[in-house]
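K.L.:
File target_38.pdb follows (PDB, C-alpha atoms):
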MODEL        1
ATOM      1  CA  MET E   1     -15.496 -13.868  -7.477
ATOM      2  CA  ASP E   2     -12.791 -15.842  -9.294
ATOM      3  CA  GLN E   3     -13.795 -17.242 -12.657
ATOM      4  CA  ARG E   4     -13.899 -20.900 -11.765
ATOM      5  CA  VAL E   5     -16.332 -23.792 -11.543
ATOM      6  CA  SER E   6     -15.737 -26.327  -8.763
ATOM      7  CA  PHE E   7     -18.689 -28.654  -9.269
ATOM      8  CA  ILE E   8     -20.990 -29.390 -12.171
ATOM      9  CA  THR E   9     -24.064 -30.982 -10.593
ATOM     10  CA  LEU E  10     -26.625 -32.813 -12.674
ATOM     11  CA  ALA E  11     -29.954 -33.855 -11.156
ATOM     12  CA  VAL E  12     -30.610 -37.511 -11.995
ATOM     13  CA  ALA E  13     -33.627 -39.757 -11.564
ATOM     14  CA  ASP E  14     -31.618 -42.769 -10.386
ATOM     15  CA  VAL E  15     -28.069 -42.456  -9.068
ATOM     16  CA  ALA E  16     -27.487 -46.213  -9.452
ATOM     17  CA  ARG E  17     -28.294 -45.915 -13.146
ATOM     18  CA  SER E  18     -25.770 -43.058 -13.488
ATOM     19  CA  HIS E  19     -23.196 -45.245 -11.729
ATOM     20  CA  GLN E  20     -23.941 -48.076 -14.124
ATOM     21  CA  PHE E  21     -23.466 -45.809 -17.128
ATOM     22  CA  TYR E  22     -20.432 -43.767 -16.113
ATOM     23  CA  VAL E  23     -18.552 -46.162 -13.827
ATOM     24  CA  ASP E  24     -19.483 -49.609 -15.147
ATOM     25  CA  GLY E  25     -20.062 -48.472 -18.738
ATOM     26  CA  LEU E  26     -17.456 -45.791 -19.432
ATOM     27  CA  GLY E  27     -15.050 -47.079 -16.810
ATOM     28  CA  TRP E  28     -14.773 -43.771 -14.969
ATOM     29  CA  GLU E  29     -13.518 -43.762 -11.378
ATOM     30  CA  PRO E  30     -15.902 -42.574  -8.697
ATOM     31  CA  GLU E  31     -14.479 -40.115  -6.191
ATOM     32  CA  VAL E  32     -17.502 -40.346  -3.889
ATOM     33  CA  TYR E  33     -20.464 -42.704  -4.205
ATOM     34  CA  VAL E  34     -23.359 -42.705  -1.787
ATOM     35  CA  PRO E  35     -25.957 -45.066  -3.263
ATOM     36  CA  GLY E  36     -29.304 -43.368  -3.765
ATOM     37  CA  GLU E  37     -27.844 -39.935  -3.082
ATOM     38  CA  VAL E  38     -24.826 -38.880  -5.060
ATOM     39  CA  LEU E  39     -22.017 -39.974  -7.372
ATOM     40  CA  MET E  40     -19.024 -37.670  -7.783
ATOM     41  CA  ILE E  41     -16.372 -38.047 -10.468
ATOM     42  CA  ARG E  42     -13.331 -35.855 -11.103
ATOM     43  CA  ALA E  43     -13.794 -34.247 -14.494
ATOM     44  CA  ALA E  44     -10.811 -31.872 -14.620
ATOM     45  CA  ASP E  45      -8.194 -30.466 -12.297
ATOM     46  CA  LYS E  46     -10.210 -28.855  -9.455
ATOM     47  CA  VAL E  47     -13.533 -29.813 -11.062
ATOM     48  CA  VAL E  48     -15.928 -32.521  -9.925
ATOM     49  CA  LEU E  49     -18.877 -33.776 -11.949
ATOM     50  CA  SER E  50     -21.653 -34.728  -9.565
ATOM     51  CA  PHE E  51     -24.792 -36.760 -10.194
ATOM     52  CA  TRP E  52     -27.259 -35.889  -7.459
ATOM     53  CA  SER E  53     -30.582 -37.474  -6.672
ATOM     54  CA  ALA E  54     -33.236 -35.288  -8.339
ATOM     55  CA  GLN E  55     -35.370 -35.587  -5.224
ATOM     56  CA  GLU E  56     -32.640 -34.111  -3.008
ATOM     57  CA  PHE E  57     -31.783 -31.544  -5.685
ATOM     58  CA  GLU E  58     -35.383 -30.337  -5.748
ATOM     59  CA  GLU E  59     -35.606 -30.105  -1.967
ATOM     60  CA  GLU E  60     -32.599 -27.772  -1.946
ATOM     61  CA  VAL E  61     -32.713 -25.936  -5.277
ATOM     62  CA  GLY E  62     -36.392 -25.993  -6.210
ATOM     63  CA  PRO E  63     -38.745 -27.819  -8.580
ATOM     64  CA  ILE E  64     -37.091 -28.979 -11.789
ATOM     65  CA  ASN E  65     -38.478 -28.065 -15.163
ATOM     66  CA  ARG E  66     -39.948 -31.357 -16.375
ATOM     67  CA  GLY E  67     -41.515 -30.366 -19.683
ATOM     68  CA  ASP E  68     -40.604 -31.830 -23.064
ATOM     69  CA  GLY E  69     -37.271 -31.150 -24.701
ATOM     70  CA  VAL E  70     -33.616 -31.233 -23.749
ATOM     71  CA  ALA E  71     -31.968 -29.538 -20.788
ATOM     72  CA  PRO E  72     -30.400 -26.194 -21.784
ATOM     73  CA  ILE E  73     -26.891 -27.511 -21.268
ATOM     74  CA  THR E  74     -24.365 -29.753 -22.921
ATOM     75  CA  LEU E  75     -21.032 -31.076 -21.725
ATOM     76  CA  ALA E  76     -18.316 -31.418 -24.318
ATOM     77  CA  HIS E  77     -15.440 -33.837 -24.388
ATOM     78  CA  ASN E  78     -12.829 -32.657 -26.859
ATOM     79  CA  VAL E  79     -10.432 -34.993 -28.591
ATOM     80  CA  ALA E  80      -7.585 -34.507 -31.047
ATOM     81  CA  THR E  81      -8.841 -36.508 -34.027
ATOM     82  CA  GLU E  82     -11.992 -37.319 -35.961
ATOM     83  CA  ALA E  83     -11.332 -41.022 -35.449
ATOM     84  CA  GLU E  84     -11.610 -40.553 -31.692
ATOM     85  CA  VAL E  85     -14.966 -38.809 -32.137
ATOM     86  CA  ASP E  86     -16.240 -41.833 -34.070
ATOM     87  CA  GLU E  87     -14.795 -44.291 -31.548
ATOM     88  CA  ILE E  88     -16.326 -42.631 -28.507
ATOM     89  CA  LEU E  89     -19.751 -42.341 -30.096
ATOM     90  CA  SER E  90     -19.565 -46.040 -30.997
ATOM     91  CA  LEU E  91     -18.550 -46.875 -27.445
ATOM     92  CA  ALA E  92     -21.496 -44.877 -26.109
ATOM     93  CA  ARG E  93     -23.826 -46.878 -28.338
ATOM     94  CA  THR E  94     -22.420 -50.164 -27.046
ATOM     95  CA  ILE E  95     -23.356 -49.177 -23.496
ATOM     96  CA  GLY E  96     -26.887 -48.267 -24.478
ATOM     97  CA  ALA E  97     -26.695 -44.536 -25.212
ATOM     98  CA  GLU E  98     -28.400 -42.933 -28.152
ATOM     99  CA  ALA E  99     -25.734 -41.259 -30.244
ATOM    100  CA  SER E 100     -25.970 -39.054 -33.318
ATOM    101  CA  THR E 101     -23.918 -39.469 -36.468
ATOM    102  CA  PRO E 102     -21.042 -36.999 -36.185
ATOM    103  CA  GLN E 103     -21.000 -34.112 -38.626
ATOM    104  CA  ARG E 104     -18.624 -31.522 -39.907
ATOM    105  CA  ARG E 105     -19.836 -28.234 -38.448
ATOM    106  CA  ALA E 106     -19.945 -24.787 -40.059
ATOM    107  CA  TRP E 107     -17.083 -23.684 -37.778
ATOM    108  CA  GLY E 108     -14.822 -26.450 -39.114
ATOM    109  CA  GLY E 109     -15.093 -28.978 -36.309
ATOM    110  CA  TYR E 110     -16.327 -32.567 -36.372
ATOM    111  CA  THR E 111     -18.731 -33.450 -33.584
ATOM    112  CA  GLY E 112     -21.562 -35.693 -32.532
ATOM    113  CA  TYR E 113     -23.688 -36.133 -29.425
ATOM    114  CA  PHE E 114     -24.763 -38.920 -27.159
ATOM    115  CA  ALA E 115     -27.365 -38.844 -24.416
ATOM    116  CA  ASP E 116     -26.723 -40.225 -20.947
ATOM    117  CA  PRO E 117     -29.491 -42.142 -19.121
ATOM    118  CA  ASP E 118     -31.127 -38.879 -17.980
ATOM    119  CA  GLY E 119     -30.924 -37.349 -21.437
ATOM    120  CA  PHE E 120     -27.991 -35.049 -20.698
ATOM    121  CA  ARG E 121     -26.156 -34.455 -23.977
ATOM    122  CA  TRP E 122     -22.431 -35.007 -24.292
ATOM    123  CA  GLU E 123     -20.816 -33.530 -27.358
ATOM    124  CA  ILE E 124     -17.743 -35.398 -28.564
ATOM    125  CA  ALA E 125     -15.759 -32.830 -30.497
ATOM    126  CA  MET E 126     -12.693 -32.408 -32.632
ATOM    127  CA  ASN E 127     -11.999 -28.682 -32.954
ATOM    128  CA  PRO E 128      -9.293 -27.949 -35.536
ATOM    129  CA  ASP E 129      -8.438 -24.564 -33.976
ATOM    130  CA  PRO E 130      -5.007 -25.127 -32.384
ATOM    131  CA  ALA E 131      -5.516 -22.235 -29.936
ATOM    132  CA  LEU E 132      -8.689 -23.800 -28.573
ATOM    133  CA  GLY E 133      -7.088 -27.228 -28.577
ATOM    134  CA  ALA E 134      -4.268 -25.855 -26.444
ATOM    135  CA  ILE E 135      -6.832 -24.607 -23.941
ATOM    136  CA  VAL E 136      -8.858 -27.796 -23.501
ATOM    137  CA  LEU E 137      -6.905 -30.808 -24.758
ATOM    138  CA  PRO E 138      -4.851 -32.853 -22.281
TER     139      PRO E 138
ATOM    140  CA  MET Q   1     -13.294 -42.274 -23.028
ATOM    141  CA  ASP Q   2     -11.238 -40.322 -20.502
ATOM    142  CA  GLN Q   3     -13.149 -38.883 -17.588
ATOM    143  CA  ARG Q   4     -12.955 -35.232 -18.483
ATOM    144  CA  VAL Q   5     -15.193 -32.330 -19.376
ATOM    145  CA  SER Q   6     -13.786 -29.790 -21.860
ATOM    146  CA  PHE Q   7     -16.752 -27.443 -22.232
ATOM    147  CA  ILE Q   8     -19.801 -26.672 -20.136
ATOM    148  CA  THR Q   9     -22.249 -25.063 -22.530
ATOM    149  CA  LEU Q  10     -25.303 -23.203 -21.287
ATOM    150  CA  ALA Q  11     -28.031 -22.137 -23.697
ATOM    151  CA  VAL Q  12     -28.866 -18.480 -23.097
ATOM    152  CA  ALA Q  13     -31.602 -16.205 -24.386
ATOM    153  CA  ASP Q  14     -29.319 -13.209 -24.926
ATOM    154  CA  VAL Q  15     -25.539 -13.565 -25.142
ATOM    155  CA  ALA Q  16     -25.065  -9.809 -24.609
ATOM    156  CA  ARG Q  17     -26.919 -10.109 -21.296
ATOM    157  CA  SER Q  18     -24.621 -12.971 -20.247
ATOM    158  CA  HIS Q  19     -21.632 -10.812 -21.188
ATOM    159  CA  GLN Q  20     -23.017  -7.971 -19.104
ATOM    160  CA  PHE Q  21     -23.459 -10.236 -16.087
ATOM    161  CA  TYR Q  22     -20.271 -12.317 -16.188
ATOM    162  CA  VAL Q  23     -17.779  -9.937 -17.825
ATOM    163  CA  ASP Q  24     -19.019  -6.468 -16.822
ATOM    164  CA  GLY Q  25     -20.630  -7.602 -13.554
ATOM    165  CA  LEU Q  26     -18.375 -10.309 -12.141
ATOM    166  CA  GLY Q  27     -15.301  -9.062 -13.957
ATOM    167  CA  TRP Q  28     -14.525 -12.369 -15.637
ATOM    168  CA  GLU Q  29     -12.287 -12.385 -18.701
ATOM    169  CA  PRO Q  30     -13.791 -13.557 -21.943
ATOM    170  CA  GLU Q  31     -11.734 -16.031 -23.944
ATOM    171  CA  VAL Q  32     -13.953 -15.765 -27.024
ATOM    172  CA  TYR Q  33     -16.840 -13.379 -27.577
ATOM    173  CA  VAL Q  34     -18.911 -13.358 -30.740
ATOM    174  CA  PRO Q  35     -21.803 -10.972 -30.075
ATOM    175  CA  GLY Q  36     -25.177 -12.638 -30.560
ATOM    176  CA  GLU Q  37     -23.600 -16.074 -30.807
ATOM    177  CA  VAL Q  38     -21.306 -17.176 -28.028
ATOM    178  CA  LEU Q  39     -19.285 -16.088 -25.001
ATOM    179  CA  MET Q  40     -16.553 -18.421 -23.739
ATOM    180  CA  ILE Q  41     -14.812 -18.071 -20.397
ATOM    181  CA  ARG Q  42     -12.091 -20.279 -18.919
ATOM    182  CA  ALA Q  43     -13.546 -21.890 -15.797
ATOM    183  CA  ALA Q  44     -10.746 -24.285 -14.807
ATOM    184  CA  ASP Q  45      -7.585 -25.724 -16.266
ATOM    185  CA  LYS Q  46      -8.691 -27.316 -19.583
ATOM    186  CA  VAL Q  47     -12.337 -26.331 -19.007
ATOM    187  CA  VAL Q  48     -14.273 -23.599 -20.789
ATOM    188  CA  LEU Q  49     -17.678 -22.317 -19.719
ATOM    189  CA  SER Q  50     -19.612 -21.346 -22.799
ATOM    190  CA  PHE Q  51     -22.793 -19.281 -23.128
ATOM    191  CA  TRP Q  52     -24.354 -20.128 -26.446
ATOM    192  CA  SER Q  53     -27.304 -18.510 -28.177
ATOM    193  CA  ALA Q  54     -30.324 -20.672 -27.361
ATOM    194  CA  GLN Q  55     -31.458 -20.367 -30.955
ATOM    195  CA  GLU Q  56     -28.225 -21.869 -32.291
ATOM    196  CA  PHE Q  57     -28.206 -24.440 -29.480
ATOM    197  CA  GLU Q  58     -31.686 -25.616 -30.474
ATOM    198  CA  GLU Q  59     -30.801 -25.844 -34.154
ATOM    199  CA  GLU Q  60     -27.936 -28.209 -33.301
ATOM    200  CA  VAL Q  61     -29.034 -30.028 -30.148
ATOM    201  CA  GLY Q  62     -32.824 -29.930 -30.340
ATOM    202  CA  PRO Q  63     -35.738 -28.089 -28.740
ATOM    203  CA  ILE Q  64     -35.079 -26.941 -25.192
ATOM    204  CA  ASN Q  65     -37.406 -27.839 -22.363
ATOM    205  CA  ARG Q  66     -39.135 -24.536 -21.624
ATOM    206  CA  GLY Q  67     -41.611 -25.507 -18.918
ATOM    207  CA  ASP Q  68     -41.703 -24.053 -15.417
ATOM    208  CA  GLY Q  69     -39.002 -24.765 -12.868
ATOM    209  CA  VAL Q  70     -35.229 -24.699 -12.722
ATOM    210  CA  ALA Q  71     -32.814 -26.414 -15.097
ATOM    211  CA  PRO Q  72     -31.623 -29.768 -13.683
ATOM    212  CA  ILE Q  73     -28.105 -28.486 -13.153
ATOM    213  CA  THR Q  74     -26.154 -26.258 -10.826
ATOM    214  CA  LEU Q  75     -22.606 -24.972 -11.004
ATOM    215  CA  ALA Q  76     -20.761 -24.665  -7.726
ATOM    216  CA  HIS Q  77     -18.006 -22.261  -6.821
ATOM    217  CA  ASN Q  78     -16.233 -23.470  -3.696
ATOM    218  CA  VAL Q  79     -14.430 -21.149  -1.328
ATOM    219  CA  ALA Q  80     -12.431 -21.662   1.842
ATOM    220  CA  THR Q  81     -14.476 -19.649   4.329
ATOM    221  CA  GLU Q  82     -18.063 -18.804   5.261
ATOM    222  CA  ALA Q  83     -17.235 -15.110   4.965
ATOM    223  CA  GLU Q  84     -16.405 -15.579   1.289
ATOM    224  CA  VAL Q  85     -19.762 -17.281   0.738
ATOM    225  CA  ASP Q  86     -21.525 -14.247   2.210
ATOM    226  CA  GLU Q  87     -19.382 -11.808   0.229
ATOM    227  CA  ILE Q  88     -19.966 -13.456  -3.125
ATOM    228  CA  LEU Q  89     -23.717 -13.713  -2.616
ATOM    229  CA  SER Q  90     -23.760 -10.012  -1.695
ATOM    230  CA  LEU Q  91     -21.739  -9.199  -4.800
ATOM    231  CA  ALA Q  92     -24.195 -11.179  -6.923
ATOM    232  CA  ARG Q  93     -27.055  -9.141  -5.465
ATOM    233  CA  THR Q  94     -25.297  -5.876  -6.301
ATOM    234  CA  ILE Q  95     -25.163  -6.850  -9.978
ATOM    235  CA  GLY Q  96     -28.844  -7.730 -10.061
ATOM    236  CA  ALA Q  97     -28.900 -11.458  -9.307
ATOM    237  CA  GLU Q  98     -31.410 -13.051  -6.990
ATOM    238  CA  ALA Q  99     -29.481 -14.749  -4.207
ATOM    239  CA  SER Q 100     -30.621 -16.943  -1.343
ATOM    240  CA  THR Q 101     -29.589 -16.544   2.265
ATOM    241  CA  PRO Q 102     -26.759 -19.038   2.828
ATOM    242  CA  GLN Q 103     -27.476 -21.934   5.173
ATOM    243  CA  ARG Q 104     -25.601 -24.528   7.081
ATOM    244  CA  ARG Q 105     -26.354 -27.820   5.330
ATOM    245  CA  ALA Q 106     -26.962 -31.263   6.832
ATOM    246  CA  TRP Q 107     -23.563 -32.397   5.477
ATOM    247  CA  GLY Q 108     -21.789 -29.651   7.416
ATOM    248  CA  GLY Q 109     -21.193 -27.115   4.691
ATOM    249  CA  TYR Q 110     -22.358 -23.519   4.372
ATOM    250  CA  THR Q 111     -23.842 -22.619   1.020
ATOM    251  CA  GLY Q 112     -26.235 -20.356  -0.820
ATOM    252  CA  TYR Q 113     -27.329 -19.901  -4.403
ATOM    253  CA  PHE Q 114     -27.667 -17.099  -6.885
ATOM    254  CA  ALA Q 115     -29.364 -17.157 -10.272
ATOM    255  CA  ASP Q 116     -27.725 -15.786 -13.396
ATOM    256  CA  PRO Q 117     -29.834 -13.839 -15.931
ATOM    257  CA  ASP Q 118     -31.092 -17.082 -17.506
ATOM    258  CA  GLY Q 119     -31.932 -18.620 -14.133
ATOM    259  CA  PHE Q 120     -28.916 -20.951 -14.005
ATOM    260  CA  ARG Q 121     -28.133 -21.545 -10.344
ATOM    261  CA  TRP Q 122     -24.646 -21.029  -8.952
ATOM    262  CA  GLU Q 123     -24.020 -22.520  -5.543
ATOM    263  CA  ILE Q 124     -21.400 -20.676  -3.500
ATOM    264  CA  ALA Q 125     -20.105 -23.276  -1.081
ATOM    265  CA  MET Q 126     -17.794 -23.722   1.863
ATOM    266  CA  ASN Q 127     -17.248 -27.443   2.365
ATOM    267  CA  PRO Q 128     -15.429 -28.208   5.622
ATOM    268  CA  ASP Q 129     -14.178 -31.601   4.384
ATOM    269  CA  PRO Q 130     -10.430 -31.076   3.861
ATOM    270  CA  ALA Q 131     -10.244 -33.957   1.372
ATOM    271  CA  LEU Q 132     -12.857 -32.370  -0.852
ATOM    272  CA  GLY Q 133     -11.294 -28.964  -0.362
ATOM    273  CA  ALA Q 134      -7.995 -30.350  -1.609
ATOM    274  CA  ILE Q 135      -9.727 -31.583  -4.734
ATOM    275  CA  VAL Q 136     -11.507 -28.384  -5.737
ATOM    276  CA  LEU Q 137      -9.992 -25.364  -3.995
ATOM    277  CA  PRO Q 138      -7.284 -23.336  -5.738
TER     278      PRO Q 138
ENDMDL
END
Written as structure tokens, that's how I'd like the structure from this file.

P.N.:
Amino acid sequence: MDQRVSFITLAVADVARSHQFYVDGLGWEPEVYVPGEVLMIRAADKVVLSFWSAQEFEEEVGPINRGDGVAPITLAHNVATEAEVDEILSLARTIGAEASTPQRRAWGGYTGYFADPDGFRWEIAMNPDPALGAIVLP
Amino acid sequence: MDQRVSFITLAVADVARSHQFYVDGLGWEPEVYVPGEVLMIRAADKVVLSFWSAQEFEEEVGPINRGDGVAPITLAHNVATEAEVDEILSLARTIGAEASTPQRRAWGGYTGYFADPDGFRWEIAMNPDPALGAIVLP
């Protein structure tokens, strides 16, 4: 099995609300949009980020854990500068997301989080390690 | 904010167990491995899949939802043929994963799932749509 991810699929309560946040709010381009079912967005070369109706997700994958707390996953969006971290978190706030105040982390980076409408956490990160930057930065 | 994901981070109970499954079992190459803390694996161009100690995840992100059921996310690994779907699910079984019997789906594809040691579901998928194949297949 090659070490590659083709799709990241997030189960969402309301696909229209995801569309409003990611497409109308962040300005991202949908690759596929089937109202009420699924929204797919290209998130990297050969990688699609998919927002799938939680109802359909549960029918295929199984009952979702609906207790309190956050999902055991975050998506990170790395940028080259601290100013970009601040800007993106501000932008997220303007479209209604809750966003934390970015912090310098023990490992030397500068990051903060925002939550999408389903509570999925995005980490906006500046990692000063040039080797890691070379791996993930555009 | 550009439409791109740099890291997919999964909170795991035991990073050594993730290493055993993904590196020793599937033969994937670690990019970064800090025992007890984090395992990072390149999963696409500019995308890193990261297995982070749930304890450290919770200290930074917040308490994880630990109720019953599956996490509201799947990762898909798309392949070109149905035979590859069968092969990879068999491989997953040989390294101790629970894997479903693949099925033809209403949308025309052929897919099945396996669970990693933390219960994260991987969908192994053959999607017959050539347009989608062009987007995600190597």

K.L.:
List the spatial neighbours of segment 68-73 of chain E as a VMD selection string - criterion: any atom at most 12 Å away, all atoms listed in the file, same-chain residues fewer than 5 positions off excluded.

P.N.:
(chain E and resid 8 to 12 115 to 116 118 to 123) or (chain Q and resid 7 to 13 49 to 58 60 to 75 118 to 120)

K.L.:
As an exercise, work out the distance from atom CA of Asp2 of chain Q to atom CA of Ala134 of chain Q in Å and give it to one decimal place.

P.N.:
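Computing it gives 21.6 Å between the two atoms.
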
K.L.:
One number please: atom CA of Ala43 of chain Q to atom CA of Gln3 of chain E, in Å, one decimal.

P.N.:
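Spanning atom CA of Ala43 of chain Q to atom CA of Gln3 of chain E is a straight-line distance of 5.6 Å.
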
K.L.:
Between E:Val136, E:Val85, E:Ala80, E:Val34, which residue has the minimum interatomic distance to chain Q, considering all atoms listed in the file?

P.N.:
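Ranking E:Val136, E:Val85, E:Ala80, E:Val34 by distance to chain Q, first place goes to E:Val136.
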
K.L.:
Which residue, Q:Arg93, Q:Lys46, Q:Arg105, Q:His77, has the smallest gap to Ser6 of chain Q when you use only C-alpha atoms?

P.N.:
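Smallest separation from Ser6 of chain Q among the options: Q:Lys46.
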
K.L.:
For the provided coordinates, the residues matched by the PyMOL selection byres ((chain E and resi 96) around 10) should be stated as a PyMOL selection string.

P.N.:
chain E and resi 21+25+91-95+97-99+114-117

K.L.:
In Å, with one decimal, what is the gap from atom CA of Leu132 of chain Q to atom CA of Met1 of chain Q?

P.N.:
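If I compute the distance from atom CA of Leu132 of chain Q to atom CA of Met1 of chain Q, I get 24.3 Å.
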
K.L.:
I'd like to know which of E:Thr101, E:Val38, E:Trp107, E:Arg4 is closest to chain Q, using all atoms listed in the file.

P.N.:
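Of E:Thr101, E:Val38, E:Trp107, E:Arg4, the one nearest chain Q is E:Arg4, counting all atoms listed in the file.
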
K.L.:
Using only C-alpha atoms, which residues sit within 9 Å of Asn127 of chain E once same-chain residues fewer than 3 positions away are excluded, as a short mmCIF file (atom, residue, chain, number, x, y, z; two decimals) with C-alpha atoms, keeping the file's coordinate frame?

P.N.:
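The resulting file, around_0.cif, is shown below:
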data_model
loop_
_atom_site.label_atom_id
_atom_site.label_comp_id
_atom_site.auth_asym_id
_atom_site.auth_seq_id
_atom_site.Cartn_x
_atom_site.Cartn_y
_atom_site.Cartn_z
CA ASN E 78 -12.83 -32.66 -26.86
CA VAL E 79 -10.43 -34.99 -28.59
CA ALA E 80 -7.58 -34.51 -31.05
CA THR E 81 -8.84 -36.51 -34.03
CA TRP E 107 -17.08 -23.68 -37.78
CA GLY E 108 -14.82 -26.45 -39.11
CA GLY E 109 -15.09 -28.98 -36.31
CA TYR E 110 -16.33 -32.57 -36.37
CA THR E 111 -18.73 -33.45 -33.58
CA PRO E 130 -5.01 -25.13 -32.38
CA LEU E 132 -8.69 -23.80 -28.57
CA GLY E 133 -7.09 -27.23 -28.58
#

K.L.:
Select, from E:Ala106, E:Met40, E:Ile124, E:Val47, the residue with the minimum atom-to-atom distance to chain Q, counting only C-alpha atoms.

P.N.:
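Nearest to chain Q: E:Val47.
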
K.L.:
Which one is closest to Glu31 of chain Q: E:Ser100, E:Leu137, E:Ala131, E:Ala125? Count only C-alpha atoms.

P.N.:
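Selected residue with least distance to Glu31 of chain Q: E:Ala131.
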
K.L.:
Adding 3 Å on each side of the box along x, y and z that holds all listed atoms of segment 84-100 of chain Q, could you give its centre and edge lengths in Å to one decimal, as JSON?

P.N.:
{"center_x": -23.9, "center_y": -11.6, "center_z": -3.9, "size_x": 21.0, "size_y": 17.4, "size_z": 18.3}
